[in-house]
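Engineer: Below is a structure I'd like to ask you about.
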Amino acid sequence: MTVAACTIASPPPEGGFRITERDFRQIAALLRAEAGISLPPSKTALVQGRLMRRLRALGIDSFADYCAFVGAAGGEAERDEMVAALTTNVTRFFREPHHFDHLRTVVLPPLLHTARRGARVRLWSAGCSTGQEPYTIALTVLSLMPDAGDGDVRVLATDIDPHVLATAAAASYDEEAVASIPAALRARYVKPDPGHRDMARLADDVRRLVAFKRLNLNGTWPMKGRFDAIFCRNVAIYFDAPTQHRLWSRFAERLVSGGWLYIGHSERVDGAAEAQFVAQGKTTYRLVGA
């Protein structure tokens with residue numbers, strides 16, 4: 001996010017806006033500083049396309065002026081909008097189902113056994129996007145313990161983007177989105193949304209298990225307690241190697257001894273934290289030595 005022009009730029013897109021190499025470098029540097037996300041030059045067209053809407057909304061005539069505005073001391077609110085525009089939110093219910101099979105058959109049975117006696121169970125969806133992942137975690141819990149909401153069982157769902165969090169909190173999805181929920185769970189926990197035609201809403205039993213909070217994984221984490229399992233899938237791929245290494249180490253610090261970490265299909269735990277985790281299947285890790 002920041003100033004002036006270079007000689008060689010991308011072809012002018014619709015509306016006459018164009019992004020220069022210098023503009024891109026400054027936007028990429030700001031995004032990395034704000035969210036830890038690395039943007040290679042191959043993403044120039046993506047940045048241009050996604051941010052044109054912000055320029056139009058603000059009445060700004062060039063990417064150079066936008067960079068100057070968003071990088072200034074008073075640009076905090078727009079930096080949030082920029083991060084939201086440039087982050088990718090691809091998700092669905094029961095995505096990468098082997099993780100939820102493992103959660104249901106291996107991780108949850110002993111945890112919910114203690115929960116029935118009053119123990120605390122905490123699960124975290126880090127980078128929750130529009131909510132399908134944390135709600136899938138909640139549905140998996142409810143498949144084993146329908147009264148989980150009466151105990152101390154909770155799912156924390158966090159994301160850097162306030163817009164996707166608002167969608168997630170509404171818990172309203174179209175019929176195509178909820179079709180991937182298993183039929184038995186869909187029949188019990190998915191209902192027509194009375195406020196929106198052709199939309200379905202998750203039942204209160206599901207929603208009450210999940211708390212949505214805004215969180216920058218590259219910033220301060222205010223949570224005090226530890227988690228029994230953390231899902232952070234297809235998020236670290238947007239970070240450079242040092243940022244990934246820090247993230248894995250921070251997750252290790254926030255898991256209980258023997259806690260579980262689920263990551264994306266193209267990710268792996270490495271760096272200093274590698275010695276703290278043991279792979280327990282496809283992109284599934286268990287904390288050891290804590």
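Identifiers for the structure tokens are assigned positionally: chains receive A, B, ... in sequence, residues are indexed from 1 per chain, and ligands are indexed from 1 in the order shown.
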Would you pick out the contacts of region 238-254 of chain A at 7 Å or less, using only C-alpha atoms, so that residues sharing its chain but fewer than 3 positions from it are not included, and give the list as an MDAnalysis selection string?

Structural biologist: chainID A and resid 36:38 226:227 235 269:273 287

Engineer: Write down as a ChimeraX atom specification the residues belonging to region 194-278 of chain A that are assigned strand (DSSP E) by DSSP computed on the backbone.

Structural biologist: /A:199-202,210-214,227-232,255-263,277-278

Engineer: Take the residues from that selection and put them in a file with C-alpha atoms, as a PDB file, in the first residue's frame.

Structural biologist:
```pdb
ATOM      1  CA  MET A 199     -31.206 -20.734   2.511  1.00  0.00           C
ATOM      2  CA  ALA A 200     -30.645 -23.171   5.378  1.00  0.00           C
ATOM      3  CA  ARG A 201     -29.598 -22.300   8.927  1.00  0.00           C
ATOM      4  CA  LEU A 202     -27.728 -24.418  11.422  1.00  0.00           C
ATOM      5  CA  VAL A 210     -18.923 -22.154  18.442  1.00  0.00           C
ATOM      6  CA  ALA A 211     -17.557 -18.722  19.368  1.00  0.00           C
ATOM      7  CA  PHE A 212     -16.284 -16.529  16.530  1.00  0.00           C
ATOM      8  CA  LYS A 213     -13.484 -14.049  17.212  1.00  0.00           C
ATOM      9  CA  ARG A 214     -11.309 -11.888  15.029  1.00  0.00           C
ATOM     10  CA  PHE A 227      -6.512 -26.535  23.271  1.00  0.00           C
ATOM     11  CA  ASP A 228      -7.095 -30.247  22.854  1.00  0.00           C
ATOM     12  CA  ALA A 229      -6.999 -29.931  19.065  1.00  0.00           C
ATOM     13  CA  ILE A 230      -6.254 -27.181  16.562  1.00  0.00           C
ATOM     14  CA  PHE A 231      -7.353 -27.065  12.939  1.00  0.00           C
ATOM     15  CA  CYS A 232      -5.263 -24.727  10.779  1.00  0.00           C
ATOM     16  CA  LEU A 255      -1.836 -27.378  22.806  1.00  0.00           C
ATOM     17  CA  VAL A 256      -2.276 -29.616  25.809  1.00  0.00           C
ATOM     18  CA  SER A 257       0.233 -32.446  26.165  1.00  0.00           C
ATOM     19  CA  GLY A 258      -0.754 -35.008  23.552  1.00  0.00           C
ATOM     20  CA  GLY A 259      -2.911 -32.455  21.741  1.00  0.00           C
ATOM     21  CA  TRP A 260      -3.654 -32.678  18.030  1.00  0.00           C
ATOM     22  CA  LEU A 261      -2.881 -30.426  15.070  1.00  0.00           C
ATOM     23  CA  TYR A 262      -4.617 -30.746  11.688  1.00  0.00           C
ATOM     24  CA  ILE A 263      -3.088 -28.904   8.725  1.00  0.00           C
ATOM     25  CA  PHE A 277       5.146 -33.212  16.817  1.00  0.00           C
ATOM     26  CA  VAL A 278       4.759 -36.764  15.581  1.00  0.00           C
TER      27      VAL A 278
END
```

Engineer: Would you list the contacts of Ser172 (chain A) as a PyMOL selection string, taking every protein, DNA or RNA residue within 12 Å and counting only C-alpha atoms, but skipping same-chain residues closer than 4 positions in sequence?

Structural biologist: chain A and resi 130-132+135+166-168+176-178+190-204+207

Engineer: Let's see if you can do this: from backbone DSSP, list all alpha helix (DSSP H) residues in region 45-253 of chain A, as a PyMOL selection string.

Structural biologist: chain A and resi 45-58+63-71+76-86+97-102+108-115+132-144+162-170+175-178+183-189+204-207+241-253

Engineer: Measure the distance from CA of Pro146 (chain A) to CA of Arg95 (chain A) in Å and round it to one decimal.

Structural biologist: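 Straight-line distance from CA of Pro146 (chain A) to CA of Arg95 (chain A) works out to 21.9 Å.
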
Engineer: When distances are computed from only C-alpha atoms, which of A:Glu96, A:Asp152, A:Asp147, A:Glu81 shows the smallest separation from Leu123 (chain A)?

Structural biologist: A:Asp152

Engineer: Excluding Val141 (chain A) and its own-chain neighbours fewer than 4 positions away, which residues fall within 8 Å of it when counting only C-alpha atoms? Please give them as a list in words.

Structural biologist: Arg104, Leu108, Ile137, Met145, Pro146 and Ala148 of chain A

Engineer: Report, in Å with one decimal, the straight-line distance from CA of Ser129 (chain A) to CA of Ala84 (chain A).

Structural biologist: 10.6 Å

Engineer: Please determine, counting only C-alpha atoms, which residue among A:Val153, A:Cys67, A:Ile160, A:Ala77 has the shortest atom-to-atom distance to His113 (chain A).

Structural biologist: A:Val153

Engineer: Could you please determine the separation between CA of Ser125 (chain A) and CA of Ala157 (chain A) in Å, to one decimal place?

Structural biologist: 4.7 Å

Engineer: Could you check which of A:Ser62, A:Thr114, A:Gln48, A:Ser143 is closest to Ala85 (chain A), using only C-alpha atoms?

Structural biologist: A:Gln48
